[in-house]
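One structure is given here, and the rest of the page talks about it.
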Amino acid sequence: MTNVARTTATITRLGHQGDGVALGPLFAPRTLPDEVVSGVVEGSQLTDIRIETPSEHRIQAPCRHYKSCGGCQLQHASDDFVADWKLSIVKTALAAQGLETKFRPIHTSPARSRRRATLTVRRTKKGAMAGFHGRASGVITPIPDCHLLDPSLIAAIPLAEALAMEGASRKTPLLVTLTTSETGLDVLVRDGKPLDSTLRVTLATLAGQHGVARLTWEDEQVAMEQPPLQAFGSARVCPPPGSFLQATRDGEAALLAAVQEITKGAKRIVDFFAGCGTFSLPLAAQAEIYALEGGRGMIEAMQAGWRQGKGLKKLKAEVRDLFRNPLLPEDLKPFGAFYEAAVIDPPRAGAEAQVAQLAAARTPVIAYVSCNPVTFARDAKTLVAAGYSLNWVQVVDQFRWSAHTELVASFTLAS
Ligand SMILES: C[S@@+](CC[C@H](N)C(=O)[O-])C[C@H]1O[C@@H](n2cnc3c(N)ncnc32)[C@H](O)[C@@H]1O
């Protein structure tokens, strides 16, 4: 066997994907700052890594699948380290825009609380195998003891495998998205065989046997034992299959509590990128709401939930592309009255166009929820330049053990 030359390097920082980075840059997955590591250099990657001098923040990964599974990136680091790292990502993004602010303590969702997962399921000679993709590979890693997912998702692995045995082709793995709901699992399947009448009956039978609330095959609903309801305040909403939900109920509650605190006392609130009503419907207990969202099915689901909610104030819900057609200042003054507060929770691209209009409208209070610190900091700069104070930021970590960072921030117009 040929001897492959090994290189030694010291990790200086973590990159955006959570990989350790040494001078070069040389990327070394699953290493931590200040660690001395050795390995084989392949392009800009270090492979076959050995930790020569471990960081004081290195811990034994809690999950036995961590070594092979690609679902988590940071189980080898202590919770305190990950919290500080996520805070530093937001601080650095703000500093790049010339901004700083107070940070509230990070809120991290507990283990086993993720409410949705997409499993890859491949047919095998003996049946089927469900799991997550392995680290940087197409290999599927079974995850029966996963520490990330709600236990009801783990309990549905046999269902996912049964769906693949009946409905996956030999070559293409099935993508099975499982979502918890108040009434049972909501299951969405992609990349399956085309439906015919026999397969429809088989799948509906499987859904019944496994107590599934709703089974959707591509775009067709195959079974609906009960509508898969999500609770948003007093309302119960049946979201379109696969539509956006916050990643954990715990994280959703933390974000909502912060949004409620920021908008407290407002009698009219506008909610941009409102989804199915995660914030709009609980806030409708205290204020009239104008909710805007690009997905028609989500707006219809929100409206249906509102109609059944108890003691809710008026909801105006509108389908609108807020990138191309942001709400203008004059739209924010119905009948001469201002919206007193805005909630804005855009996708990763942020909300450049809408934030510019909000700043022009001089909406006094803004709760900004973001899943991308870089676009958040860009939009924060627009607001601060228009006279807003960035009062505080709280990082809400719903994506435990990943490199993903989410936050909620409070802005008020300085008088
Ligand atoms: C981060 S999610 C937030 C949803 C909601 N606030 C929640 O907490 O459930 C962003 C939302 O923006 C919507 N969206 C994406 N692009 C959009 C656009 N151009 N105009 C309006 N809505 C858009 C998505 O459908 C999604 O519901």
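For the structure tokens, the naming scheme is as follows: chains receive sequential letters (A, B, ...) according to their order of presentation, residues are indexed from 1 within each chain, and ligands are indexed from 1 in presentation order.
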*May I have the residues within 12 Å of Asp84 of chain A as a PyMOL selection string, using only C-alpha atoms and disregarding those fewer than 6 positions away in the same chain?*
chain A and resi 14+57+77-78+90-92+103+105-108+395+397+405
*Counting only C-alpha atoms and all ligand atoms, which protein, DNA or RNA residues come within 9 Å of ligand 1, given as an MDAnalysis selection string?*
chainID A and resid 243:246 252 255:256 271:280 292:296 298 319:326 343:349 351 369:371
For the residues selected in the previous step, produce a file with N, CA and C atoms as a compact mmCIF listing (two decimals), in the first residue's frame.
```txt
# COMPACT_ATOMS: atom_id res chain seq x y z
N SER A 243 -46.12 22.81 3.19
CA SER A 243 -45.92 24.26 3.29
C SER A 243 -45.14 24.60 4.56
N PHE A 244 -44.60 25.82 4.57
CA PHE A 244 -43.66 26.21 5.64
C PHE A 244 -44.29 26.11 7.02
N LEU A 245 -43.52 25.53 7.96
CA LEU A 245 -43.84 25.59 9.39
C LEU A 245 -42.52 25.84 10.10
N GLN A 246 -42.56 26.52 11.25
CA GLN A 246 -41.34 26.65 12.04
C GLN A 246 -40.85 25.25 12.40
N GLU A 252 -41.02 27.88 17.73
CA GLU A 252 -42.15 28.71 17.30
C GLU A 252 -42.69 29.51 18.49
N LEU A 255 -40.28 32.34 19.35
CA LEU A 255 -40.39 33.43 18.37
C LEU A 255 -41.69 34.21 18.60
N LEU A 256 -42.79 33.46 18.81
CA LEU A 256 -44.09 34.12 19.02
C LEU A 256 -44.06 34.99 20.28
N ASP A 271 -48.62 41.65 9.02
CA ASP A 271 -47.72 40.49 9.12
C ASP A 271 -47.27 40.12 7.70
N PHE A 272 -46.00 40.39 7.39
CA PHE A 272 -45.46 40.11 6.06
C PHE A 272 -44.85 38.71 6.01
N PHE A 273 -45.02 38.00 4.90
CA PHE A 273 -44.53 36.62 4.76
C PHE A 273 -45.17 35.78 5.87
N ALA A 274 -46.51 35.80 5.89
CA ALA A 274 -47.26 35.32 7.06
C ALA A 274 -47.44 33.81 7.09
N GLY A 275 -47.08 33.09 6.03
CA GLY A 275 -47.24 31.64 6.02
C GLY A 275 -48.71 31.27 6.22
N CYS A 276 -48.95 30.27 7.08
CA CYS A 276 -50.33 29.83 7.35
C CYS A 276 -50.89 30.52 8.58
N GLY A 277 -50.18 31.53 9.12
CA GLY A 277 -50.75 32.27 10.26
C GLY A 277 -50.05 32.00 11.58
N THR A 278 -48.83 31.50 11.54
CA THR A 278 -48.06 31.21 12.76
C THR A 278 -48.10 32.39 13.74
N PHE A 279 -47.90 33.60 13.21
CA PHE A 279 -47.95 34.79 14.09
C PHE A 279 -49.31 35.50 13.97
N SER A 280 -49.85 35.59 12.75
CA SER A 280 -51.09 36.34 12.54
C SER A 280 -52.22 35.84 13.44
N LEU A 292 -49.97 39.08 4.79
CA LEU A 292 -49.59 38.97 3.37
C LEU A 292 -48.64 37.81 3.20
N GLU A 293 -48.88 37.05 2.13
CA GLU A 293 -48.08 35.84 1.90
C GLU A 293 -48.20 35.48 0.43
N GLY A 294 -47.10 34.89 -0.13
CA GLY A 294 -47.10 34.55 -1.55
C GLY A 294 -47.89 33.30 -1.90
N GLY A 295 -48.04 32.39 -0.96
CA GLY A 295 -48.69 31.11 -1.26
C GLY A 295 -50.19 31.18 -1.06
N ARG A 296 -50.95 30.98 -2.18
CA ARG A 296 -52.41 31.08 -2.08
C ARG A 296 -52.98 30.04 -1.12
N MET A 298 -51.70 28.70 1.43
CA MET A 298 -51.41 29.05 2.84
C MET A 298 -52.38 30.13 3.33
N VAL A 319 -52.98 37.35 -0.87
CA VAL A 319 -51.90 36.68 -1.60
C VAL A 319 -51.12 37.77 -2.35
N ARG A 320 -49.83 37.86 -2.10
CA ARG A 320 -49.06 38.93 -2.74
C ARG A 320 -47.59 38.53 -2.82
N ASP A 321 -46.98 38.81 -3.95
CA ASP A 321 -45.54 38.61 -4.09
C ASP A 321 -44.85 39.85 -3.53
N LEU A 322 -44.27 39.71 -2.36
CA LEU A 322 -43.73 40.88 -1.66
C LEU A 322 -42.33 41.26 -2.15
N PHE A 323 -41.74 40.45 -3.02
CA PHE A 323 -40.48 40.85 -3.65
C PHE A 323 -40.77 41.80 -4.82
N ARG A 324 -41.73 41.39 -5.67
CA ARG A 324 -42.03 42.18 -6.87
C ARG A 324 -43.02 43.29 -6.59
N ASN A 325 -43.85 43.07 -5.60
CA ASN A 325 -44.98 43.98 -5.40
C ASN A 325 -45.13 44.29 -3.91
N PRO A 326 -44.13 44.93 -3.31
CA PRO A 326 -44.21 45.17 -1.87
C PRO A 326 -45.37 46.10 -1.53
N VAL A 343 -44.88 42.76 11.58
CA VAL A 343 -44.08 41.55 11.77
C VAL A 343 -43.58 41.19 10.39
N ILE A 344 -42.31 40.83 10.29
CA ILE A 344 -41.78 40.47 8.97
C ILE A 344 -40.88 39.26 9.13
N ASP A 345 -41.17 38.21 8.38
CA ASP A 345 -40.47 36.93 8.54
C ASP A 345 -40.16 36.36 7.15
N PRO A 346 -39.23 36.98 6.43
CA PRO A 346 -39.01 36.60 5.03
C PRO A 346 -38.22 35.30 4.87
N PRO A 347 -38.18 34.76 3.64
CA PRO A 347 -37.27 33.64 3.38
C PRO A 347 -35.82 34.13 3.41
N ARG A 348 -34.89 33.24 3.07
CA ARG A 348 -33.46 33.54 3.25
C ARG A 348 -32.99 34.79 2.50
N ALA A 349 -33.66 35.11 1.40
CA ALA A 349 -33.26 36.28 0.62
C ALA A 349 -33.51 37.58 1.36
N ALA A 351 -35.83 40.80 2.83
CA ALA A 351 -37.03 41.54 2.41
C ALA A 351 -36.64 42.96 2.01
N VAL A 369 -38.23 38.65 12.07
CA VAL A 369 -37.80 37.26 12.30
C VAL A 369 -36.99 36.85 11.07
N SER A 370 -35.81 36.28 11.29
CA SER A 370 -34.94 36.01 10.14
C SER A 370 -34.26 34.65 10.26
N CYS A 371 -34.09 33.99 9.09
CA CYS A 371 -33.34 32.74 9.06
C CYS A 371 -32.00 32.95 8.34
```
*Contacts of Pro33 of chain A at 10 Å (only C-alpha atoms; same-chain gap of 2+ positions) as a list in words*: Thr10, Ile11, Thr12, Arg13, Leu14, Asp19, Gly20, Val21, Ala22, Thr31, Glu35, Val36, Pro54, Ser55, Glu56, His57 and Arg58 of chain A
Please produce a file of those selected residues containing C-alpha atoms, as a compact mmCIF listing (two decimals), in the first residue's frame.
```txt
# COMPACT_ATOMS: atom_id res chain seq x y z
CA THR A 10 -4.37 24.24 13.27
CA ILE A 11 -8.03 25.16 12.95
CA THR A 12 -8.58 28.91 13.23
CA ARG A 13 -12.35 29.28 12.85
CA LEU A 14 -15.59 27.62 11.75
CA ASP A 19 -16.62 22.97 9.12
CA GLY A 20 -13.33 23.83 10.81
CA VAL A 21 -11.13 26.06 8.64
CA ALA A 22 -7.31 26.19 8.73
CA THR A 31 -13.14 20.04 13.85
CA GLU A 35 -7.59 22.10 17.45
CA VAL A 36 -4.44 20.67 15.94
CA PRO A 54 -8.65 18.42 20.96
CA SER A 55 -10.44 21.65 21.83
CA GLU A 56 -11.75 22.09 25.37
CA HIS A 57 -15.16 22.45 23.69
CA ARG A 58 -15.05 19.02 22.06
```
*Run DSSP on the backbone and give me the residues of segment 76-225 of chain A it puts in strand (DSSP E), as a PyMOL selection string.*
chain A and resi 102-108+116-123+128-133+140-141+174-179+185-190+212-217+220-224
*Please provide the set of residues having any atom within 10 Å of segment 114-118 of chain A, restricted to only C-alpha atoms, with same-chain residues fewer than 5 positions apart removed, written as a PyMOL selection string.*
chain A and resi 109+130-132+147-154+174-181+185-190+242+245-251+398-400
*asked:* Using Å and a single decimal, report how far atom CA of Val270 of chain A sits from atom CA of Ala317 of chain A.
replied: 9.8 Å
*Name the closest residue to Gly70 of chain A among the candidates A:Pro144, A:Gly311, A:Gly39, A:Gly138; distances are taken between atoms, counting only C-alpha atoms.*
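With only C-alpha atoms as the atom set, the closest residue is A:Gly138.
Those residues in segment 24-132 of chain A carrying a DSSP assignment of helix (DSSP H, G or I), computed from the backbone, are Asp79, Asp80, Phe81, Val82, Ala83, Asp84, Trp85, Lys86, Leu87, Ser88, Ile89, Val90, Lys91, Thr92, Ala93, Leu94, Ala95 and Ala96 of chain A.
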*Pick the closest to Thr47 of chain A from A:Lys313, A:Ala136, A:Gly98, A:Ala93: which is it, counting only C-alpha atoms?*
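Residue with the minimum atom-to-atom distance to Thr47 of chain A: A:Ala136.
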*Please provide the set of residues having any atom within 7 Å of Met224 of chain A, restricted to only C-alpha atoms, with same-chain residues fewer than 4 positions apart removed, written as a PyMOL selection string.*
chain A and resi 213-215
Residues from the last selection, all heavy atoms, saved as a compact mmCIF listing (two decimals), in the first residue's frame:
```txt
# COMPACT_ATOMS: atom_id res chain seq x y z
N ALA A 213 -52.75 10.93 9.46
CA ALA A 213 -53.86 11.89 9.30
C ALA A 213 -54.11 12.17 7.82
O ALA A 213 -55.24 12.11 7.35
CB ALA A 213 -53.54 13.19 10.04
N ARG A 214 -53.00 12.46 7.08
CA ARG A 214 -53.16 12.76 5.65
C ARG A 214 -51.96 12.17 4.91
O ARG A 214 -50.82 12.30 5.37
CB ARG A 214 -53.22 14.26 5.42
CG ARG A 214 -53.22 14.68 3.95
CD ARG A 214 -53.47 16.16 3.77
NE ARG A 214 -52.41 17.01 4.29
CZ ARG A 214 -52.42 18.34 4.27
NH1 ARG A 214 -53.45 18.97 3.76
NH2 ARG A 214 -51.42 19.01 4.77
N LEU A 215 -52.22 11.56 3.77
CA LEU A 215 -51.13 11.08 2.90
C LEU A 215 -51.28 11.74 1.53
O LEU A 215 -52.33 11.63 0.89
CB LEU A 215 -51.19 9.55 2.75
CG LEU A 215 -50.21 8.95 1.74
CD1 LEU A 215 -48.75 9.22 2.13
CD2 LEU A 215 -50.42 7.43 1.62
```
*Which residue out of A:Lys316, A:Lys193, A:Arg122, A:His16 has the minimum interatomic distance to Lys86 of chain A when only C-alpha atoms are used?*
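Distance minimum relative to Lys86 of chain A lands on A:His16.
Picture a line from atom CA of Ala342 of chain A to atom CA of Ala380 of chain A; it runs 14.0 Å.
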